[in-house]
Amino acid sequence: MVQSVGTNAPRLDCHDKLTGRTKYLDDLDIPHCWFGGVVYSSIPYGRIIKINFDPSFDWGSVVTCTFKDIPGKNNTVFLTQDQPILAEEYVKHVGEAIVLVAAPTKEILSQARSHIHIEYAASVPVLTIEQAKDKATLISGKDNILAQYCINKGDLDVGFKEAAVVIEGEYQTGFHEHAYIETQAMAAVPRTDGGLTVMGSLQCPYYVLKTLVSVLNCGADRVNVRQLPMGGSFGGKEDYPSLLGSYVALLAKKSGRPVKLIYSREDDIIMSTKRHPSIVKHKTGVKKDGTLTAMEINVEFNGGAYATMSPVVLSRGVIHAAGPYRCDHVRSTAVCYATHNVPCGAFRGFGVPQTIFAIEAHMDKIAEALGINPLKLRAKNCLKLGDTTQTKQLLRESVGAAQCLDTVAKGCSFEKKWQAYRRQNQAARGKKNIQKGIGLALYMHGGAFTGSGESVMKTEAGLMLQKDGVVRVLTGCTEMGQGAHTVLPQIVADTLGIPLKCVYCEVPDTDLVPDSGPTVASRTTMIVGWLLTQCAASFKERLFEFIARTYRVEKTALKLVRASFVSGSKRITDFKTAANDYLSKVGELKVIERYKLPPYIQWDPATHIGDAYPAYSWAADVAEVSVDMDTFEVTVDKMTIAVELGRAINPVLVKGQMEGGTLQALGWALMEDMQIINGHPQNKNLQTYIIPTARDIPDWRVHIIEEPFSYGPMGAKGIGELPLDGGAPAIVNAIYNATGLRITEIPVTPEKLLRQCAKL
Amino acid sequence: MRFLNPSNLHEALTLLSKFPDCKILAGGTDVCVQLRGGGLKPKAILNIWGLNELKNIRDEGRYITIGALSTHTDIIRSPLIHKHIPVLAKACRTIGAVQVQNRGTIGGNVMNASPAGDTLPVLMAYAADVEVTSIAGQRWVPFEGFFTGYRATVVRPGEMVTGFRIAWPPRGERADFIKIGSRKAITISKVMACFRARIEHKKIVGISIAFGSVAPVPLRLKQTEAFLMGRVLTHKTIDEAVNKLASDITPINDIRSTADYRRHCCGVFLRRFLLESLCVS
């Protein structure tokens, strides 16, 4: 039987993207469309005294909106409803939208924007976690806390008593910019029925719909949200499009015309969300042989002015804070503070890169204190089948951590190289120009929403039969470069027994597809893919009933193989004929089903104890670096990655995910340094916000390991975010191996290495 | 905004005399960026991109002359430059991406007058003369006096840079261009330097050191040069020269790097160049 799953089927969208045929929002010529723009706060915190519309400008030629033009509620609809669509009395961060403008041309728009002047009574902003803790100025609630958690397992006192050594460490990360190629872009187009189509570069059409219905105070039938082809997202278009979608909708409503709003890179960097800066403290008890006995972990995130996704980002971050390690006594506390910075939100990894950076840098510190090789320390404590995580989740199956560690270490002779470099570099210090180093990180990422999130969500997806035996996949899941619209059809094609070319995903438009939940949380393949296998089973059942009736054969003996219906060795008919017969004789064939969590999942959100995720994917990275000991420039020569993800539906896409995410981690570890000074981003474009180019790419070795998960499609688990979690600590550990300089705050720039070296 | 599009140099100079405050547009790799987001709002733009007479790289007997509109790619591909001033090609190769090298010109790089302009330390180390032309005629300005301050030059309204001349480098000279950026490609320099040295019987008989991105203007390191000139090149001389260097430069902290790091790298560059010279001499 010809199968699609497990093959490197080319991405269904790749031909049009490679040949430039794909039309992004900026390429669409929408008749009579006006251009939208945003006038935003230029101060981090203060009261708006007055909005001056300069009378020398002809305001009749444009349309403007303030919060007063909002017919419904003035806030985005997320977990915490604290973020206004447009500022009312106060502004709480630089880049907070105050006035919207739409104009017939870009020139008039630019003139209009420059004729709007905001008068403020500026106040002293709260910018750091320290200042937020101080509570002198309150941004959120009574304590400036956007979210907090505490996870307790065992008894820390007992754990520390068992320890021979206690090792402490503090690790920091900064703001991180998504740097997608296509900036935030949305348009609203009035429909002939008086409703509105809102479309653009967005990850989660139903998120945007939810906010729009509330902001416009209308029924869900009055507005539909459609995803257009999109030039990257990485979580940056999870929550922000709810704001931008509201902007274009308000402008389109007021002007009665289509309005397109595409941010310049500068506006995008100033206004859109970032990854949360973090401070993570570890205090760890270990036995002489390296066994972890106690882990006390304190996680602090800087959330910016509004909550956006912070409560769930922090939750996921703290759940992963103990890393993929077995320890009976763990206490992890976590707080996300409000500050007057641009709100932080979703970013690939969702809080985990920060906490994995901390634990994985800390593991190397522990290894050094004990005089144990970092590989041995990890192998000794690595989670295995039957162990429990820090949330007391029993690992029942599909636990590939040890195998990843083993594969990656053997793949590049880690232990031998680590020892040799260490010896050579200590001997050569100050004499050799280029020193080499090797570093390791072991990590995991939970697939799907945390705890019972997937059952609360009411995730739906479906299949619909088209003429000539084409099957349309109905899902709100979006393609953003990760390959969802290829992988999901692969799963459906194989489950049905038809070729991949007969299956395609419908455009994610809230009028056309059910709510499959947002395309986030490494959940699409694992959760929606699983749901689609169940839809496919029902779909096939319905066809079998029809075939059995029509051809008078036993239903239970029927099979659909290579697009043919067979009964025993007898071929009954082909899929195409059967499809056309069904459509003409029976009518529509459409199956929509709802996702059910595996029955054993138990989760207590209050204590954060239980089955945090249906399954984890596991990985290990080895970074090999060269450091110029004169200029402290770091070159990552090679990254060896082993990943266990249940089943690789499309191995080349898995490798692409691993390489791309690791490259983002490389940028975050070495060069991406979003400096926000006094609330103002300093690197407002890609000239000063430095991301890696092709020349910075190391040699890749990606090993795929498959330990099937019973509740994943063909055994598959999630892979979207995992790739960004491990690269940074692996690289930082390699730099330490090369130089003896331990930098605990990324990015590790040559400037920081020089400063550290001067201190020695 | 008027857009002036002359078809030859004479026409360009005539327009320039009529619109002395216009912004001159060559390859556009800096000007277009400034027009879009940098607040540049000139009354007129004089587009000289099409003036082929400013695109030559020639052997003029005592000098090599480079037309102001020679692109970085022209320089990278010029056999003459390769043979005699290969470090200029090396500098051009570090500028932006290939697309920028195809459009960006050496005259534009100089007139943008950024201390981080990549060709500037090379022109400085080679004591290039700059040809400054107006409708009234031309004058030659030594590169060393060309920059009067941060992003300021001696070029007056009504004048434009039309070319450069560089005296033939003496035989047996070693030269290098070194740059550190924030990543491996498409990067603006944190620090860069151009060195030339002639060593006879271990003695330094010619030395030229120029740095970029360490002061408001590209710098010749006069004191360090004076110290080295005539000395026998030894490890001790190198140590002393590196110590001297600090008084020649005034680097700053900015978005790309720190003053400390820049100062440190200047020393590293000088040491590397002199050590290599010592090895080959």
# chains A, B, ... in the order shown; residues from 1 in each chain; ligands from 1
>>> closest_atom_pairs(of="chain A", to="chain B", cutoff="9 Å", atoms="only C-alpha atoms", output="tab-separated table")
residue	atom	partner	partner_atom	distance
A:Glu266	CA	B:Gly37	CA	8.9
A:Asp630	CA	B:Val268	CA	6.3
A:Thr631	CA	B:Cys265	CA	6.1
A:Glu633	CA	B:Ile180	CA	8.5
A:Thr635	CA	B:Lys184	CA	8.8
A:Met671	CA	B:Ser182	CA	7.0
A:Gln675	CA	B:Ile255	CA	8.3
A:Gln682	CA	B:Ile255	CA	7.5
A:Asn683	CA	B:Ile255	CA	7.6
A:Gln687	CA	B:Thr187	CA	7.9
A:Thr688	CA	B:Ile255	CA	7.1
A:Ile690	CA	B:Ser182	CA	7.0
A:Ile691	CA	B:Arg183	CA	8.1
A:Pro692	CA	B:Arg183	CA	6.9
A:Thr693	CA	B:Ala185	CA	6.8
A:Ala694	CA	B:Ala185	CA	8.2
A:Arg695	CA	B:Lys184	CA	5.8
A:Asp696	CA	B:Lys184	CA	5.9
A:Thr749	CA	B:Ser182	CA	8.8
A:Pro750	CA	B:Tyr261	CA	7.9
A:Glu751	CA	B:Tyr261	CA	5.7
A:Lys752	CA	B:Tyr261	CA	9.0
A:Leu754	CA	B:Tyr261	CA	7.0
A:Arg755	CA	B:Tyr261	CA	8.3
>>> select_by_dssp(residues="segment 38-277 of chain B", states="strand (DSSP E)", output="ChimeraX atom specification")
/B:44-47,57-59,63-67,129-134,137-142,147-149,152-153,160-167,173-180,191-200,203-212,219-220
>>> closest_residue(among="B:Phe211, B:Tyr126, B:Tyr150, B:Phe164", to="Leu54 of chain B", atoms="only C-alpha atoms")
B:Phe164
>>> residues_around(residues="segment 576-587 of chain A", least_positions_apart="2", cutoff="6 Å", atoms="only C-alpha atoms", output="VMD selection string")
chain A and resid 467 to 469 574
>>> write_last_selection(atoms="all heavy atoms", output="PDB file, in the first residue's frame")
ATOM      1  N   LYS A 467     -16.639  16.458  -5.506  1.00  0.00           N
ATOM      2  CA  LYS A 467     -16.826  15.579  -6.669  1.00  0.00           C
ATOM      3  C   LYS A 467     -15.474  15.062  -7.183  1.00  0.00           C
ATOM      4  O   LYS A 467     -14.435  15.645  -6.887  1.00  0.00           O
ATOM      5  CB  LYS A 467     -17.637  16.289  -7.757  1.00  0.00           C
ATOM      6  CG  LYS A 467     -16.934  17.333  -8.544  1.00  0.00           C
ATOM      7  CD  LYS A 467     -17.895  17.735  -9.673  1.00  0.00           C
ATOM      8  CE  LYS A 467     -17.399  18.735 -10.575  1.00  0.00           C
ATOM      9  NZ  LYS A 467     -16.549  19.352 -11.167  1.00  0.00           N
ATOM     10  N   ASP A 468     -15.525  13.956  -7.887  1.00  0.00           N
ATOM     11  CA  ASP A 468     -14.347  13.275  -8.425  1.00  0.00           C
ATOM     12  C   ASP A 468     -13.404  12.764  -7.331  1.00  0.00           C
ATOM     13  O   ASP A 468     -12.204  12.609  -7.552  1.00  0.00           O
ATOM     14  CB  ASP A 468     -13.568  14.185  -9.390  1.00  0.00           C
ATOM     15  CG  ASP A 468     -14.383  14.470 -10.650  1.00  0.00           C
ATOM     16  OD1 ASP A 468     -15.306  13.665 -10.938  1.00  0.00           O
ATOM     17  OD2 ASP A 468     -14.107  15.478 -11.321  1.00  0.00           O
ATOM     18  N   GLY A 469     -13.952  12.535  -6.162  1.00  0.00           N
ATOM     19  CA  GLY A 469     -13.157  11.884  -5.127  1.00  0.00           C
ATOM     20  C   GLY A 469     -12.088  12.738  -4.510  1.00  0.00           C
ATOM     21  O   GLY A 469     -10.996  12.267  -4.204  1.00  0.00           O
ATOM     22  N   ASP A 574     -13.922   2.227  -7.784  1.00  0.00           N
ATOM     23  CA  ASP A 574     -12.869   3.147  -7.352  1.00  0.00           C
ATOM     24  C   ASP A 574     -13.470   4.308  -6.575  1.00  0.00           C
ATOM     25  O   ASP A 574     -14.680   4.556  -6.622  1.00  0.00           O
ATOM     26  CB  ASP A 574     -12.050   3.646  -8.545  1.00  0.00           C
ATOM     27  CG  ASP A 574     -12.898   4.425  -9.496  1.00  0.00           C
ATOM     28  OD1 ASP A 574     -13.761   3.781 -10.185  1.00  0.00           O
ATOM     29  OD2 ASP A 574     -12.771   5.650  -9.548  1.00  0.00           O
TER      30      ASP A 574
END
>>> select_by_dssp(residues="segment 11-87 of chain B", states="alpha helix (DSSP H)", output="NGL selection string")
:B and (11-18 or 31-37 or 72-77 or 79-84 or 86-87)
>>> residues_around(residues="Tyr443 of chain A", least_positions_apart="4", cutoff="10 Å", atoms="only C-alpha atoms", output="list in words")
His320, Ala322, Gly323, Pro324, Tyr325, Val352, Pro353, Ile356, Phe357, Ile359, Glu360, Cys382, Ala401, Cys404, Leu405, Tyr616, Ser617, Trp618, Ala619, Ala620, Asp621, Val643, Leu722, Pro723, Asp725, Gly726 and Gly727 of chain A
>>> write_last_selection(atoms="N, CA, C and O atoms", output="short mmCIF file (atom, residue, chain, number, x, y, z; two decimals), in the first residue's frame")
data_model
loop_
_atom_site.label_atom_id
_atom_site.label_comp_id
_atom_site.auth_asym_id
_atom_site.auth_seq_id
_atom_site.Cartn_x
_atom_site.Cartn_y
_atom_site.Cartn_z
N HIS A 320 7.93 23.40 32.70
CA HIS A 320 9.15 22.85 32.10
C HIS A 320 10.41 23.24 32.88
O HIS A 320 11.52 22.90 32.47
N ALA A 322 11.90 22.39 35.61
CA ALA A 322 12.81 21.39 36.18
C ALA A 322 13.48 20.56 35.09
O ALA A 322 14.28 19.66 35.40
N GLY A 323 13.19 20.87 33.84
CA GLY A 323 13.81 20.15 32.73
C GLY A 323 13.37 18.70 32.69
O GLY A 323 12.49 18.28 33.43
N PRO A 324 14.01 17.92 31.82
CA PRO A 324 13.59 16.51 31.66
C PRO A 324 14.26 15.62 32.71
O PRO A 324 14.89 14.63 32.37
N TYR A 325 14.15 16.01 33.99
CA TYR A 325 14.89 15.29 35.03
C TYR A 325 13.99 14.77 36.13
O TYR A 325 12.98 15.38 36.47
N VAL A 352 9.05 28.33 27.59
CA VAL A 352 9.94 27.19 27.83
C VAL A 352 11.40 27.49 27.48
O VAL A 352 12.30 27.11 28.23
N PRO A 353 11.69 28.20 26.37
CA PRO A 353 13.10 28.49 26.09
C PRO A 353 13.79 29.18 27.28
O PRO A 353 14.95 28.89 27.58
N ILE A 356 14.18 26.44 30.13
CA ILE A 356 15.13 25.39 29.70
C ILE A 356 16.55 25.97 29.62
O ILE A 356 17.52 25.31 29.98
N PHE A 357 16.65 27.22 29.18
CA PHE A 357 17.98 27.85 29.19
C PHE A 357 18.56 27.81 30.60
O PHE A 357 19.72 27.43 30.80
N ILE A 359 17.74 25.84 33.33
CA ILE A 359 18.06 24.52 33.90
C ILE A 359 19.24 23.90 33.15
O ILE A 359 20.12 23.28 33.76
N GLU A 360 19.32 24.09 31.84
CA GLU A 360 20.39 23.45 31.09
C GLU A 360 21.75 24.12 31.28
O GLU A 360 22.79 23.46 31.22
N CYS A 382 18.02 11.70 33.83
CA CYS A 382 17.08 11.85 32.72
C CYS A 382 15.78 11.05 32.96
O CYS A 382 15.81 9.92 33.42
N ALA A 401 13.73 10.63 25.95
CA ALA A 401 14.82 11.50 26.38
C ALA A 401 16.18 10.79 26.40
O ALA A 401 17.16 11.30 25.84
N CYS A 404 17.52 10.08 22.97
CA CYS A 404 18.00 11.30 22.31
C CYS A 404 19.41 11.62 22.80
O CYS A 404 20.31 11.94 22.02
N LEU A 405 19.57 11.55 24.11
CA LEU A 405 20.85 11.90 24.73
C LEU A 405 21.94 10.98 24.21
O LEU A 405 23.03 11.41 23.81
N TYR A 616 4.88 14.48 25.88
CA TYR A 616 6.01 15.37 25.62
C TYR A 616 6.79 14.86 24.42
O TYR A 616 6.92 13.66 24.22
N SER A 617 7.35 15.79 23.64
CA SER A 617 8.39 15.43 22.67
C SER A 617 9.72 15.75 23.33
O SER A 617 9.81 16.65 24.17
N TRP A 618 10.75 15.00 22.97
CA TRP A 618 12.05 15.10 23.64
C TRP A 618 13.15 15.38 22.64
O TRP A 618 13.05 14.96 21.49
N ALA A 619 14.19 16.06 23.09
CA ALA A 619 15.31 16.30 22.17
C ALA A 619 16.59 16.59 22.93
O ALA A 619 16.56 16.96 24.11
N ALA A 620 17.69 16.39 22.26
CA ALA A 620 19.00 16.76 22.80
C ALA A 620 19.80 17.43 21.70
O ALA A 620 19.72 17.03 20.54
N ASP A 621 20.51 18.50 22.08
CA ASP A 621 21.34 19.24 21.12
C ASP A 621 22.80 19.19 21.57
O ASP A 621 23.08 19.34 22.76
N VAL A 643 15.93 14.09 18.03
CA VAL A 643 14.57 14.46 18.45
C VAL A 643 13.68 13.22 18.43
O VAL A 643 13.71 12.43 17.49
N LEU A 722 9.33 22.87 20.24
CA LEU A 722 10.50 22.19 20.77
C LEU A 722 11.83 22.69 20.18
O LEU A 722 12.79 22.88 20.92
N PRO A 723 11.89 22.92 18.85
CA PRO A 723 13.19 23.27 18.25
C PRO A 723 13.84 24.53 18.83
O PRO A 723 15.03 24.70 18.71
N ASP A 725 13.82 25.40 22.01
CA ASP A 725 14.06 25.31 23.45
C ASP A 725 15.51 25.02 23.84
O ASP A 725 15.97 25.45 24.89
N GLY A 726 16.23 24.27 23.01
CA GLY A 726 17.51 23.74 23.49
C GLY A 726 18.77 24.38 22.94
O GLY A 726 19.85 24.22 23.52
N GLY A 727 18.66 25.08 21.82
CA GLY A 727 19.86 25.58 21.15
C GLY A 727 20.68 26.54 22.01
O GLY A 727 21.91 26.44 22.08
#
>>> closest_residue(among="B:Ser213, B:Gln34, B:Asn47, B:Thr148", to="Thr119 of chain B", atoms="only C-alpha atoms")
B:Ser213
>>> closest_residue(among="B:Arg58, B:Arg103, B:Arg171, B:Arg77", to="Cys32 of chain B", atoms="only C-alpha atoms")
B:Arg103
>>> residues_around(residues="Thr65 of chain B", least_positions_apart="6", cutoff="10 Å", atoms="only C-alpha atoms", output="PyMOL selection string")
chain B and resi 56-59+128-131+163-167
>>> residues_around(residues="Glu454 of chain A", least_positions_apart="2", cutoff="9 Å", atoms="only C-alpha atoms", output="list in words")
Ala448, Phe449, Thr450, Gly451, Ser452, Val456, Met457, Lys458, Thr459, Gly517, Ile527, Tyr595, Lys596 and Leu597 of chain A
>>> write_last_selection(atoms="N, CA and C atoms", output="CSV table (one decimal), in the first residue's frame")
chain,number,residue,atom,x,y,z
A,448,ALA,N,0.3,20.2,22.9
A,448,ALA,CA,-1.1,20.6,23.2
A,448,ALA,C,-1.3,21.5,24.4
A,449,PHE,N,-2.5,22.0,24.6
A,449,PHE,CA,-2.8,22.9,25.7
A,449,PHE,C,-2.5,22.2,27.0
A,450,THR,N,-2.2,23.0,28.0
A,450,THR,CA,-1.9,22.5,29.3
A,450,THR,C,-3.1,21.9,30.0
A,451,GLY,N,-2.9,20.7,30.7
A,451,GLY,CA,-3.9,20.1,31.5
A,451,GLY,C,-5.2,19.7,30.7
A,452,SER,N,-6.3,20.2,31.2
A,452,SER,CA,-7.6,19.8,30.5
A,452,SER,C,-7.9,20.8,29.5
A,456,VAL,N,-11.7,21.7,27.3
A,456,VAL,CA,-12.4,23.0,27.5
A,456,VAL,C,-12.6,23.7,26.2
A,457,MET,N,-11.6,23.5,25.3
A,457,MET,CA,-11.6,24.2,24.0
A,457,MET,C,-12.7,23.8,23.0
A,458,LYS,N,-13.2,22.6,23.1
A,458,LYS,CA,-14.2,22.1,22.2
A,458,LYS,C,-13.7,22.1,20.7
A,459,THR,N,-12.5,21.6,20.6
A,459,THR,CA,-11.8,21.5,19.3
A,459,THR,C,-12.6,20.7,18.3
A,517,GLY,N,-9.5,25.2,17.4
A,517,GLY,CA,-8.6,25.8,18.4
A,517,GLY,C,-7.5,26.5,17.6
A,527,ILE,N,-3.1,17.0,18.1
A,527,ILE,CA,-4.5,17.0,18.5
A,527,ILE,C,-5.4,17.0,17.3
A,595,TYR,N,-12.9,16.8,19.5
A,595,TYR,CA,-11.8,16.1,20.1
A,595,TYR,C,-12.1,15.7,21.6
A,596,LYS,N,-11.6,14.5,21.9
A,596,LYS,CA,-11.7,14.0,23.3
A,596,LYS,C,-10.3,13.7,23.8
A,597,LEU,N,-10.0,14.2,25.0
A,597,LEU,CA,-8.7,14.0,25.6
A,597,LEU,C,-8.6,12.5,26.0
>>> residues_around(residues="Phe546 of chain A", least_positions_apart="2", cutoff="9 Å", atoms="only C-alpha atoms", output="list in words")
Glu541, Arg542, Leu543, Phe544, Ala548, Arg549, Thr550, Tyr551, Lys555, Ala578, Tyr582 and Val586 of chain A
>>> write_last_selection(atoms="N, CA and C atoms", output="mmCIF file, in the first residue's frame")
data_model
loop_
_atom_site.group_PDB
_atom_site.id
_atom_site.type_symbol
_atom_site.label_atom_id
_atom_site.label_comp_id
_atom_site.auth_asym_id
_atom_site.auth_seq_id
_atom_site.Cartn_x
_atom_site.Cartn_y
_atom_site.Cartn_z
ATOM 1 N N GLU A 541 -16.607 4.942 7.118
ATOM 2 C CA GLU A 541 -17.737 4.117 7.555
ATOM 3 C C GLU A 541 -18.988 4.468 6.742
ATOM 4 N N ARG A 542 -19.205 5.771 6.581
ATOM 5 C CA ARG A 542 -20.387 6.222 5.827
ATOM 6 C C ARG A 542 -20.306 5.756 4.375
ATOM 7 N N LEU A 543 -19.107 5.819 3.806
ATOM 8 C CA LEU A 543 -18.931 5.366 2.423
ATOM 9 C C LEU A 543 -19.123 3.861 2.316
ATOM 10 N N PHE A 544 -18.589 3.146 3.315
ATOM 11 C CA PHE A 544 -18.751 1.681 3.306
ATOM 12 C C PHE A 544 -20.225 1.296 3.343
ATOM 13 N N ALA A 548 -21.856 -0.890 0.455
ATOM 14 C CA ALA A 548 -22.463 -2.170 0.831
ATOM 15 C C ALA A 548 -23.892 -2.238 0.290
ATOM 16 N N ARG A 549 -24.591 -1.098 0.457
ATOM 17 C CA ARG A 549 -25.974 -1.027 -0.003
ATOM 18 C C ARG A 549 -26.042 -1.101 -1.530
ATOM 19 N N THR A 550 -25.231 -0.299 -2.187
ATOM 20 C CA THR A 550 -25.279 -0.191 -3.641
ATOM 21 C C THR A 550 -24.851 -1.486 -4.327
ATOM 22 N N TYR A 551 -23.757 -2.085 -3.836
ATOM 23 C CA TYR A 551 -23.209 -3.256 -4.547
ATOM 24 C C TYR A 551 -23.576 -4.569 -3.863
ATOM 25 N N LYS A 555 -20.668 -5.184 4.539
ATOM 26 C CA LYS A 555 -19.975 -3.946 4.906
ATOM 27 C C LYS A 555 -18.667 -4.244 5.648
ATOM 28 N N ALA A 578 -17.228 6.146 -6.725
ATOM 29 C CA ALA A 578 -18.046 6.036 -5.520
ATOM 30 C C ALA A 578 -18.412 7.410 -4.988
ATOM 31 N N TYR A 582 -22.117 8.790 -4.631
ATOM 32 C CA TYR A 582 -22.625 9.167 -3.311
ATOM 33 C C TYR A 582 -23.246 10.561 -3.368
ATOM 34 N N VAL A 586 -26.969 10.220 -2.605
ATOM 35 C CA VAL A 586 -27.236 10.474 -1.176
ATOM 36 C C VAL A 586 -27.194 11.970 -0.863
#
